[in-house]
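One file, entry-v1.cif, carrying mmCIF, C-alpha atoms:
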data_query
loop_
_atom_site.label_atom_id
_atom_site.label_comp_id
_atom_site.auth_asym_id
_atom_site.auth_seq_id
_atom_site.Cartn_x
_atom_site.Cartn_y
_atom_site.Cartn_z
CA PHE A 1 -11.70 -12.21 -0.02
CA SER A 2 -14.24 -12.03 -2.86
CA GLU A 3 -16.76 -10.22 -0.62
CA MET A 4 -14.13 -7.63 0.29
CA LYS A 5 -13.40 -7.01 -3.37
CA GLU A 6 -17.03 -6.72 -4.45
CA GLY A 7 -17.86 -4.52 -1.47
CA ILE A 8 -15.19 -1.96 -2.16
CA LYS A 9 -16.05 -1.98 -5.88
CA GLN A 10 -19.57 -0.93 -5.00
CA LEU A 11 -18.40 1.74 -2.59
CA ILE A 12 -16.10 3.29 -5.18
CA LYS A 13 -18.78 3.20 -7.88
CA GLU A 14 -21.02 5.32 -5.64
CA GLY A 15 -18.60 8.22 -6.05
CA ILE A 16 -19.58 8.65 -9.71
CA LYS A 17 -23.24 9.04 -8.73
CA THR A 18 -22.38 11.90 -6.36
CA ASN A 19 -20.56 13.84 -9.11
CA GLN A 20 -17.21 13.63 -7.34
CA PHE A 21 -15.44 12.85 -10.61
CA PRO A 22 -13.83 15.76 -12.53
CA ARG A 23 -14.17 16.16 -16.30
CA PHE A 24 -10.42 15.98 -16.99
CA LEU A 25 -7.61 14.00 -15.38
CA TYR A 26 -3.88 14.09 -15.99
CA LYS A 27 -1.05 11.56 -16.16
CA TYR A 28 2.49 12.88 -15.66
CA ARG A 29 5.20 11.03 -17.57
CA ASP A 30 8.76 11.34 -18.83
CA PHE A 31 9.78 10.44 -22.39
CA GLY A 32 10.78 6.88 -23.16
CA GLU A 33 9.70 3.43 -24.27
CA PHE A 34 6.91 3.01 -21.72
CA THR A 35 5.41 6.39 -22.56
CA ASN A 36 5.57 5.59 -26.28
CA ASP A 37 3.72 2.34 -25.54
CA ILE A 38 0.76 4.33 -24.18
CA ILE A 39 0.31 5.83 -27.64
CA ILE A 40 1.30 2.85 -29.77
CA ASN A 41 -0.96 0.35 -27.98
CA SER A 42 -3.63 2.67 -26.48
CA GLN A 43 -3.00 1.36 -22.98
CA PHE A 44 -1.98 2.48 -19.52
CA TYR A 45 -0.07 0.42 -16.98
CA PHE A 46 -1.80 -0.26 -13.65
CA SER A 47 0.94 -0.64 -11.06
CA PRO A 48 0.95 -3.06 -8.11
CA PRO A 49 0.89 -1.15 -4.78
CA LYS A 50 4.13 -2.78 -3.66
CA SER A 51 5.95 -0.77 -6.34
CA PHE A 52 4.85 2.63 -4.96
CA ASN A 53 7.46 5.04 -3.60
CA ASP A 54 5.51 5.64 -0.36
CA PRO A 55 5.92 2.68 2.06
CA PHE A 56 2.62 3.58 3.80
CA ASP A 57 0.63 3.60 0.55
CA CYS A 58 -1.96 0.78 0.65
CA ASN A 59 -0.05 -0.46 3.68
CA LEU A 60 -1.86 1.04 6.67
CA PHE A 61 -1.92 -1.12 9.78
CA PHE A 62 -4.92 -3.04 11.08
CA LYS A 63 -5.29 -3.66 14.78
CA GLU A 64 -4.23 -7.19 15.73
CA PHE A 65 -6.34 -8.05 18.77
CA TYR A 66 -10.12 -8.54 18.72
CA SER A 67 -12.54 -9.38 21.48
CA ARG A 68 -15.01 -12.22 21.22
CA LYS A 69 -17.73 -9.59 20.88
CA GLU A 70 -16.00 -8.00 17.87
CA ILE A 71 -15.51 -11.37 16.19
CA ASP A 72 -19.13 -12.33 16.76
CA LYS A 73 -20.21 -8.99 15.31
CA TYR A 74 -18.11 -9.63 12.24
CA LYS A 75 -19.64 -13.08 11.78
CA ASN A 76 -23.21 -11.81 12.24
CA ASP A 77 -22.69 -8.97 9.80
CA PHE A 78 -21.12 -11.35 7.31
CA LEU A 79 -24.06 -13.76 7.54
CA ILE A 80 -26.54 -10.91 7.08
CA ARG A 81 -24.75 -9.94 3.87
CA ASN A 82 -24.43 -13.60 2.82
CA PRO A 83 -27.60 -15.40 4.01
CA ASP A 84 -26.84 -18.54 1.99
CA ILE A 85 -23.65 -19.27 3.91
CA ASP A 86 -23.82 -22.01 6.55
CA PRO A 87 -22.76 -20.46 9.92
CA LYS A 88 -20.82 -23.63 10.72
CA ILE A 89 -18.52 -22.97 7.76
CA LEU A 90 -17.65 -19.59 9.19
CA ASP A 91 -17.02 -21.06 12.64
CA ASN A 92 -14.76 -23.72 11.18
CA HIS A 93 -12.90 -21.13 9.14
CA PHE A 94 -11.86 -19.19 12.24
CA ASN A 95 -11.74 -22.21 14.57
CA GLY A 96 -13.24 -20.08 17.33
CA ASN A 97 -9.81 -18.57 17.86
CA GLU A 98 -9.11 -14.82 18.18
CA ASP A 99 -5.61 -15.18 16.70
CA THR A 100 -6.96 -17.14 13.74
CA PHE A 101 -9.50 -14.40 13.06
CA TYR A 102 -6.78 -11.77 12.58
CA CYS A 103 -4.44 -14.06 10.62
CA LYS A 104 -7.14 -15.21 8.21
CA LEU A 105 -8.36 -11.71 7.42
CA LYS A 106 -4.83 -10.33 7.18
CA GLU A 107 -4.13 -13.04 4.62
CA SER A 108 -7.24 -12.08 2.64
CA LYS A 109 -6.23 -8.42 2.71
CA SER A 110 -2.72 -9.26 1.48
CA GLN A 111 -4.14 -11.36 -1.35
CA LEU A 112 -6.42 -8.50 -2.39
CA ILE A 113 -3.52 -6.02 -2.49
CA GLU A 114 -1.28 -8.51 -4.29
CA ASN A 115 -3.77 -8.82 -7.17
CA THR A 116 -4.65 -5.12 -7.45
CA GLY A 117 -3.42 -2.64 -10.06
CA ILE A 118 -3.66 1.15 -9.69
CA LEU A 119 -3.37 3.96 -12.22
CA SER A 120 -2.46 7.19 -10.44
CA LEU A 121 -3.82 10.37 -12.04
CA SER A 122 -4.01 14.00 -10.94
CA LYS A 123 -6.65 16.72 -11.06
CA ASN A 124 -3.93 19.34 -11.60
CA TYR A 125 -1.73 19.74 -14.69
CA LYS A 126 -0.05 22.97 -13.52
CA SER A 127 1.68 21.61 -10.43
CA ILE A 128 5.32 22.73 -10.51
CA THR A 129 6.20 20.00 -8.00
CA MET A 130 4.47 17.25 -10.00
CA TRP A 131 6.27 18.30 -13.17
CA SER A 132 9.53 18.13 -11.22
CA HIS A 133 8.93 14.73 -9.61
CA TYR A 134 7.06 12.77 -12.26
CA SER A 135 7.98 14.44 -15.58
CA LYS A 136 11.77 14.50 -15.27
CA ASN A 137 12.26 18.04 -14.01
CA HIS A 138 9.87 19.59 -16.54
CA GLU A 139 11.49 17.76 -19.48
CA GLY A 140 8.59 15.32 -19.82
CA LEU A 141 4.91 15.48 -20.68
CA VAL A 142 1.39 15.14 -19.33
CA PHE A 143 -1.50 13.24 -20.90
CA GLU A 144 -4.85 15.03 -20.59
CA LEU A 145 -7.76 12.56 -20.39
CA ASP A 146 -11.37 13.48 -21.13
CA VAL A 147 -13.34 11.35 -18.67
CA LYS A 148 -16.64 11.74 -20.55
CA LYS A 149 -15.20 10.02 -23.61
CA ASP A 150 -14.76 6.68 -21.86
CA TYR A 151 -16.60 6.36 -18.54
CA SER A 152 -16.06 2.61 -18.59
CA PHE A 153 -12.33 3.13 -18.09
CA PHE A 154 -13.01 5.02 -14.83
CA TYR A 155 -15.79 2.86 -13.41
CA MET A 156 -13.73 2.12 -10.32
CA PHE A 157 -11.98 5.11 -8.84
CA GLY A 158 -10.82 6.41 -5.49
CA ILE A 159 -10.27 10.03 -4.46
CA VAL A 160 -7.21 10.10 -2.24
CA ASP A 161 -7.64 11.63 1.21
CA TYR A 162 -4.57 13.27 2.76
CA ILE A 163 -4.29 13.25 6.55
CA GLU A 164 -1.65 13.77 9.27
CA GLU A 165 -2.33 10.57 11.20
CA TYR A 166 -4.74 7.65 11.14
CA GLU A 167 -6.35 5.27 13.57
CA LEU A 168 -5.59 1.60 13.15
CA LEU A 169 -8.01 0.01 10.71
CA SER A 170 -10.21 -2.79 11.99
CA PHE A 171 -11.41 -6.03 10.43
CA SER A 172 -14.46 -5.93 12.69
CA GLU A 173 -15.74 -2.68 11.14
CA ASP A 174 -17.49 -2.30 7.79
CA PRO A 175 -14.99 -4.01 5.43
CA LYS A 176 -16.00 -1.84 2.48
CA LYS A 177 -15.14 1.41 4.22
CA GLU A 178 -12.02 0.09 5.91
CA LEU A 179 -10.60 -1.24 2.66
CA CYS A 180 -11.54 1.97 0.86
CA ASN A 181 -9.54 3.82 3.53
CA LEU A 182 -6.68 1.41 2.94
CA PHE A 183 -6.49 2.19 -0.78
CA THR A 184 -7.23 5.92 -0.71
CA THR A 185 -5.50 7.34 2.39
CA LYS A 186 -2.09 9.00 2.24
CA TYR A 187 0.06 11.20 4.45
CA ILE A 188 -0.66 14.92 4.14
CA ASP A 189 2.78 15.66 2.63
CA TRP A 190 1.51 14.08 -0.61
CA LYS A 191 -1.42 16.49 -0.88
CA TYR A 192 0.17 18.39 -3.76
CA GLU A 193 -0.49 15.37 -6.00
CA GLU A 194 -4.30 15.88 -5.91
CA GLU A 195 -4.54 12.22 -6.81
CA ILE A 196 -7.45 10.24 -8.16
CA ARG A 197 -6.87 6.52 -8.52
CA ILE A 198 -8.33 4.15 -11.07
CA ILE A 199 -8.35 0.77 -9.35
CA ASP A 200 -8.47 -2.69 -10.90
CA PHE A 201 -8.98 -5.28 -8.16
CA ASP A 202 -8.58 -8.22 -10.52
CA ARG A 203 -5.03 -7.67 -11.75
CA TYR A 204 -2.16 -5.27 -12.32
CA GLY A 205 -0.64 -4.67 -15.76
CA THR A 206 -1.73 -2.93 -18.96
CA ARG A 207 -5.31 -1.96 -19.71
CA LYS A 208 -6.68 -0.63 -23.02
CA PHE A 209 -8.51 2.69 -23.40
CA LYS A 210 -10.54 4.27 -26.20
CA LYS A 211 -8.45 6.56 -28.39
CA ASN A 212 -10.74 9.56 -27.98
CA LEU A 213 -10.09 9.43 -24.22
CA LEU A 214 -6.78 11.19 -24.90
CA LYS A 215 -7.65 14.85 -25.50
CA SER A 216 -4.27 16.57 -25.48
CA ILE A 217 -0.60 16.23 -24.59
CA LEU A 218 1.17 18.93 -22.61
CA PHE A 219 4.95 19.23 -22.91
CA GLY A 220 7.16 20.47 -20.10
CA TYR A 221 8.92 23.81 -20.12
CA ARG A 222 12.27 22.03 -20.74
CA ALA A 223 10.98 19.43 -23.21
CA LYS A 224 13.42 18.93 -26.09
CA GLU A 225 12.32 19.55 -29.67
CA GLU A 226 13.28 16.06 -30.83
CA ASN A 227 11.10 14.49 -28.10
CA ILE A 228 8.14 16.70 -28.99
CA LYS A 229 8.51 15.74 -32.64
CA SER A 230 8.66 12.05 -31.77
CA ILE A 231 5.41 12.17 -29.75
CA VAL A 232 3.55 14.25 -32.35
CA ASN A 233 4.45 11.76 -35.06
CA LEU A 234 3.62 8.76 -32.91
CA CYS A 235 0.14 10.20 -32.36
CA GLN A 236 -0.30 10.82 -36.09
CA LEU A 237 0.72 7.26 -36.95
CA ASN A 238 -1.39 5.51 -34.28
CA GLY A 239 -4.86 7.01 -34.63
CA PHE A 240 -4.42 10.01 -32.31
CA ASP A 241 -4.50 12.70 -35.00
CA HIS A 242 -7.29 14.44 -33.00
CA VAL A 243 -4.94 15.13 -30.07
CA LYS A 244 -3.99 18.75 -29.38
CA PHE A 245 -0.52 19.77 -28.19
CA ARG A 246 0.63 22.50 -25.82
CA LYS A 247 3.92 23.51 -24.25
CA ALA A 248 4.54 24.99 -20.81
CA LYS A 249 5.93 28.44 -20.24
CA LEU A 250 6.87 30.36 -17.10
CA ILE A 251 4.70 33.32 -16.05
CA PRO A 252 6.79 36.42 -15.23
CA GLY A 253 6.37 37.59 -11.65
CA LYS A 254 4.65 34.37 -10.52
CA PHE A 255 5.62 30.86 -9.49
CA ALA A 256 3.19 29.45 -12.03
CA LEU A 257 2.94 27.77 -15.42
CA ASP A 258 0.88 28.57 -18.49
CA PHE A 259 0.65 26.69 -21.79
CA ASP A 260 0.82 27.76 -25.44
CA ASP A 261 -0.74 25.82 -28.30
CA ILE A 262 1.65 24.01 -30.62
CA ASP A 263 1.22 23.89 -34.40
CA LYS A 264 1.85 20.22 -34.95
CA THR A 265 2.31 20.62 -38.73
CA LYS A 266 5.83 21.92 -38.21
CA TYR A 267 6.77 18.60 -36.62
CA LEU A 268 5.21 16.27 -39.22
#
Would you encode the structure as structure tokens?
Amino acid sequence: FSEMKEGIKQLIKEGIKTNQFPRFLYKYRDFGEFTNDIIINSQFYFSPPKSFNDPFDCNLFFKEFYSRKEIDKYKNDFLIRNPDIDPKILDNHFNGNEDTFYCKLKESKSQLIENTGILSLSKNYKSITMWSHYSKNHEGLVFELDVKKDYSFFYMFGIVDYIEEYELLSFSEDPKKELCNLFTTKYIDWKYEEEIRIIDFDRYGTRKFKKNLLKSILFGYRAKEENIKSIVNLCQLNGFDHVKFRKAKLIPGKFALDFDDIDKTKYL
């Protein structure tokens, strides 16, 4: 279990070195107590995968049956990565039984998922569909995050890959890559989300961020004036006076959104 977690951490970290990470990321929200808490306590909530609306999310199937050759390969690879481990311990762990091999690793995978928290962000703040689904039919808001202001917050991330079908994952293959596939593969219908995930393999729940990470707040086309005023004042009272504000508008002749700057002084 611990090797799985450390392995996938390293694999995800490698993405930053290859410049896969965008400068800005976006969190769609509706108004309410939990959104206010983001501003009041400078923290985002990392959700457990079991709470996601997609039943396949972080729940891809692994193949159940493994040959003796596949099990031996797994053991040899494991011992190469962990030379201090006594081979007898590994043999005793699986009891030389093919069924035990699958059950033990399935249990480790379940434990890993159970303790993981994920913050789902998007590369796109102009998605009409995202505003509809995750910001209460364009009545909500979007947080714009400046990645360069707090790299430590994003040190573990996964870029979601959207596909039509997948092959069964395998415990006998490279566990880092297979588990990365598990956490970052979704059905192609979700492609509009353009999702990047911040992953905490140690726990789910709230996690603090630096205040200057929050660059601006974008309000939906249908956002109510009283809600805009509430957020502007919350920012002013909680150390986010640097945050800029914009409001969505519809572009004539196009199915597209644009945003106008808001003079926050009229709300203070």
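Nearest-residue note for Lys63 in chain A: choosing from A:Asp91, A:Asp146, A:Glu167, A:Glu139, the minimum distance belongs to A:Glu167, counting all atoms listed in the file.
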- request: Could you check how far CA of Leu121 in chain A sits from CA of Glu33 in chain A, in Å to one decimal?
  value: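 We find that CA of Leu121 in chain A and CA of Glu33 in chain A lie 19.5 Å from each other.
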query: Quick one: which residues end up in the PyMOL selection byres ((chain A and resi 225) around 12) for this structure, as a ChimeraX atom specification?
result: /A:31,139-140,219-224,226-232,247,262,264,266-267
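Across the structure, CA of Lys109 in chain A and CA of Glu64 in chain A are spaced 13.2 Å apart.
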- prompt: Can you list, as JSON, numbers by chain, every protein, DNA or RNA residue that comes within 9 Å of range 43-51 of chain A when you count only C-alpha atoms, leaving out same-chain residues fewer than 6 positions away?
  reply: {"A": [34, 35, 37, 57, 58, 59, 113, 114, 115, 116, 117, 118, 119, 120, 198, 199, 200, 203, 204, 205, 206, 207, 208, 209, 210]}
- request: Rank nothing, just name the residue among A:His93, A:Lys123, A:Arg29, A:Arg23 nearest to Ile217 in chain A, using all atoms listed in the file.
  value: A:Arg29
message: One number please: CA of Asn212 in chain A to CA of Trp131 in chain A, in Å, one decimal.
response: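 Interatomic distance here is 24.2 Å.
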Please expand the PyMOL selection byres ((chain A and resi 213) around 10) into the concrete residues it hits in this file, giving the result as a PDB file with C-alpha atoms, keeping the file's coordinate frame.
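Listing of part.pdb after writing:
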ATOM      1  CA  PHE A  24     -10.420  15.980 -16.990  1.00  0.00           C
ATOM      2  CA  SER A  42      -3.630   2.670 -26.480  1.00  0.00           C
ATOM      3  CA  PHE A 143      -1.500  13.240 -20.900  1.00  0.00           C
ATOM      4  CA  GLU A 144      -4.850  15.030 -20.590  1.00  0.00           C
ATOM      5  CA  LEU A 145      -7.760  12.560 -20.390  1.00  0.00           C
ATOM      6  CA  ASP A 146     -11.370  13.480 -21.130  1.00  0.00           C
ATOM      7  CA  VAL A 147     -13.340  11.350 -18.670  1.00  0.00           C
ATOM      8  CA  LYS A 148     -16.640  11.740 -20.550  1.00  0.00           C
ATOM      9  CA  LYS A 149     -15.200  10.020 -23.610  1.00  0.00           C
ATOM     10  CA  ASP A 150     -14.760   6.680 -21.860  1.00  0.00           C
ATOM     11  CA  TYR A 151     -16.600   6.360 -18.540  1.00  0.00           C
ATOM     12  CA  PHE A 153     -12.330   3.130 -18.090  1.00  0.00           C
ATOM     13  CA  PHE A 209      -8.510   2.690 -23.400  1.00  0.00           C
ATOM     14  CA  LYS A 210     -10.540   4.270 -26.200  1.00  0.00           C
ATOM     15  CA  LYS A 211      -8.450   6.560 -28.390  1.00  0.00           C
ATOM     16  CA  ASN A 212     -10.740   9.560 -27.980  1.00  0.00           C
ATOM     17  CA  LEU A 214      -6.780  11.190 -24.900  1.00  0.00           C
ATOM     18  CA  LYS A 215      -7.650  14.850 -25.500  1.00  0.00           C
ATOM     19  CA  SER A 216      -4.270  16.570 -25.480  1.00  0.00           C
ATOM     20  CA  PHE A 240      -4.420  10.010 -32.310  1.00  0.00           C
ATOM     21  CA  VAL A 243      -4.940  15.130 -30.070  1.00  0.00           C
TER      22      VAL A 243
END
- request: Taking the file above as input, evaluate the PyMOL selection byres ((chain A and resi 56) around 12) and report the hits as a PyMOL selection string.
  value: chain A and resi 49-55+57-61+165-166+182-188+190
message: Using all atoms listed in the file, can you tell me which of A:Leu141, A:Ile128, A:Leu169, A:Ile89 comes closest to Asp258 in chain A?
response: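 For Asp258 in chain A, the nearest of the given residues is A:Ile128.
Among the candidates A:Asp189, A:Asp261, A:Asp161, A:Asp77, the one nearest to Thr129 in chain A when counting all atoms listed in the file is A:Asp189.
With only C-alpha atoms as the atoms that count, the minimum distance from Glu193 in chain A to the choices A:Arg246, A:Lys88, A:His133, A:Lys106 is reached by A:His133.
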- prompt: Of the candidates A:Glu195, A:Gly239, A:Pro175, A:Pro252, which one gets nearest to Arg81 in chain A if we count all atoms listed in the file?
  reply: A:Pro175
All heavy atoms are needed for range 20-31 of chain A; please write them out as a CSV table (one decimal), keeping the file's coordinate frame.
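After the write, result15.csv holds the following:
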chain,number,residue,atom,x,y,z
A,20,GLN,N,-18.5,13.3,-7.9
A,20,GLN,CA,-17.2,13.6,-7.3
A,20,GLN,C,-16.1,13.6,-8.4
A,20,GLN,O,-15.0,14.0,-8.2
A,20,GLN,CB,-16.9,12.6,-6.2
A,20,GLN,CG,-17.7,12.7,-5.0
A,20,GLN,CD,-17.3,11.7,-4.0
A,20,GLN,OE1,-16.3,11.1,-4.0
A,20,GLN,NE2,-18.2,11.5,-3.0
A,21,PHE,N,-16.5,13.1,-9.6
A,21,PHE,CA,-15.4,12.8,-10.6
A,21,PHE,C,-15.3,14.1,-11.5
A,21,PHE,O,-16.2,14.6,-12.0
A,21,PHE,CB,-15.9,11.7,-11.5
A,21,PHE,CG,-14.7,10.8,-11.9
A,21,PHE,CD1,-14.3,9.8,-11.1
A,21,PHE,CD2,-14.0,11.1,-13.1
A,21,PHE,CE1,-13.2,9.0,-11.5
A,21,PHE,CE2,-12.9,10.3,-13.5
A,21,PHE,CZ,-12.5,9.3,-12.7
A,22,PRO,N,-14.0,14.6,-11.7
A,22,PRO,CA,-13.8,15.8,-12.5
A,22,PRO,C,-13.9,15.4,-14.0
A,22,PRO,O,-13.9,14.2,-14.4
A,22,PRO,CB,-12.4,16.2,-12.2
A,22,PRO,CG,-11.7,14.9,-11.7
A,22,PRO,CD,-12.8,14.1,-11.0
A,23,ARG,N,-14.0,16.4,-14.9
A,23,ARG,CA,-14.2,16.2,-16.3
A,23,ARG,C,-12.8,15.7,-16.9
A,23,ARG,O,-12.8,14.8,-17.8
A,23,ARG,CB,-14.7,17.4,-17.0
A,23,ARG,CG,-14.6,17.4,-18.5
A,23,ARG,CD,-15.7,16.4,-19.1
A,23,ARG,NE,-15.5,16.3,-20.5
A,23,ARG,CZ,-16.1,17.1,-21.4
A,23,ARG,NH1,-16.8,18.1,-21.0
A,23,ARG,NH2,-15.9,16.9,-22.7
A,24,PHE,N,-11.7,16.3,-16.4
A,24,PHE,CA,-10.4,16.0,-17.0
A,24,PHE,C,-9.5,15.5,-15.9
A,24,PHE,O,-9.5,16.0,-14.8
A,24,PHE,CB,-9.8,17.2,-17.7
A,24,PHE,CG,-10.7,17.7,-18.8
A,24,PHE,CD1,-11.4,18.9,-18.6
A,24,PHE,CD2,-10.7,17.1,-20.0
A,24,PHE,CE1,-12.2,19.4,-19.6
A,24,PHE,CE2,-11.5,17.6,-21.0
A,24,PHE,CZ,-12.3,18.7,-20.8
A,25,LEU,N,-8.6,14.5,-16.3
A,25,LEU,CA,-7.6,14.0,-15.4
A,25,LEU,C,-6.3,14.0,-16.1
A,25,LEU,O,-6.3,13.9,-17.4
A,25,LEU,CB,-8.0,12.6,-14.9
A,25,LEU,CG,-9.1,12.6,-13.9
A,25,LEU,CD1,-9.6,11.1,-13.6
A,25,LEU,CD2,-8.7,13.3,-12.6
A,26,TYR,N,-5.2,13.9,-15.4
A,26,TYR,CA,-3.9,14.1,-16.0
A,26,TYR,C,-2.9,13.0,-15.5
A,26,TYR,O,-2.8,12.7,-14.3
A,26,TYR,CB,-3.3,15.5,-15.7
A,26,TYR,CG,-4.3,16.6,-16.1
A,26,TYR,CD1,-5.3,17.0,-15.3
A,26,TYR,CD2,-4.3,17.0,-17.4
A,26,TYR,CE1,-6.2,18.0,-15.7
A,26,TYR,CE2,-5.2,18.0,-17.9
A,26,TYR,CZ,-6.1,18.5,-17.0
A,26,TYR,OH,-7.1,19.4,-17.4
A,27,LYS,N,-2.1,12.5,-16.5
A,27,LYS,CA,-1.0,11.6,-16.2
A,27,LYS,C,0.3,12.2,-16.5
A,27,LYS,O,0.6,12.4,-17.7
A,27,LYS,CB,-1.3,10.3,-17.0
A,27,LYS,CG,-0.2,9.2,-16.7
A,27,LYS,CD,-0.3,8.7,-15.2
A,27,LYS,CE,0.7,7.6,-14.9
A,27,LYS,NZ,0.8,7.2,-13.5
A,28,TYR,N,1.1,12.4,-15.5
A,28,TYR,CA,2.5,12.9,-15.7
A,28,TYR,C,3.4,11.8,-16.1
A,28,TYR,O,3.4,10.7,-15.5
A,28,TYR,CB,3.0,13.5,-14.4
A,28,TYR,CG,2.4,14.8,-14.0
A,28,TYR,CD1,1.1,14.9,-13.4
A,28,TYR,CD2,3.0,16.0,-14.2
A,28,TYR,CE1,0.5,16.1,-13.1
A,28,TYR,CE2,2.5,17.2,-13.9
A,28,TYR,CZ,1.2,17.3,-13.3
A,28,TYR,OH,0.6,18.5,-13.0
A,29,ARG,N,4.3,12.0,-17.1
A,29,ARG,CA,5.2,11.0,-17.6
A,29,ARG,C,6.5,11.7,-18.0
A,29,ARG,O,6.6,12.9,-18.3
A,29,ARG,CB,4.6,10.3,-18.8
A,29,ARG,CG,3.4,9.4,-18.5
A,29,ARG,CD,3.7,8.2,-17.7
A,29,ARG,NE,4.8,7.5,-18.4
A,29,ARG,CZ,5.4,6.4,-17.8
A,29,ARG,NH1,5.1,6.0,-16.6
A,29,ARG,NH2,6.4,5.8,-18.4
A,30,ASP,N,7.6,10.9,-18.1
A,30,ASP,CA,8.8,11.3,-18.8
A,30,ASP,C,8.8,10.7,-20.2
A,30,ASP,O,8.0,9.8,-20.5
A,30,ASP,CB,10.0,11.0,-18.0
A,30,ASP,CG,10.2,9.6,-17.7
A,30,ASP,OD1,9.3,8.8,-18.1
A,30,ASP,OD2,11.2,9.2,-17.0
A,31,PHE,N,9.7,11.1,-21.1
A,31,PHE,CA,9.8,10.4,-22.4
A,31,PHE,C,10.5,9.1,-22.3
A,31,PHE,O,11.3,8.9,-21.4
A,31,PHE,CB,10.6,11.3,-23.4
A,31,PHE,CG,9.9,12.6,-23.7
A,31,PHE,CD1,10.2,13.8,-23.1
A,31,PHE,CD2,8.8,12.6,-24.7
A,31,PHE,CE1,9.5,15.0,-23.4
A,31,PHE,CE2,8.2,13.8,-25.0
A,31,PHE,CZ,8.5,15.0,-24.4
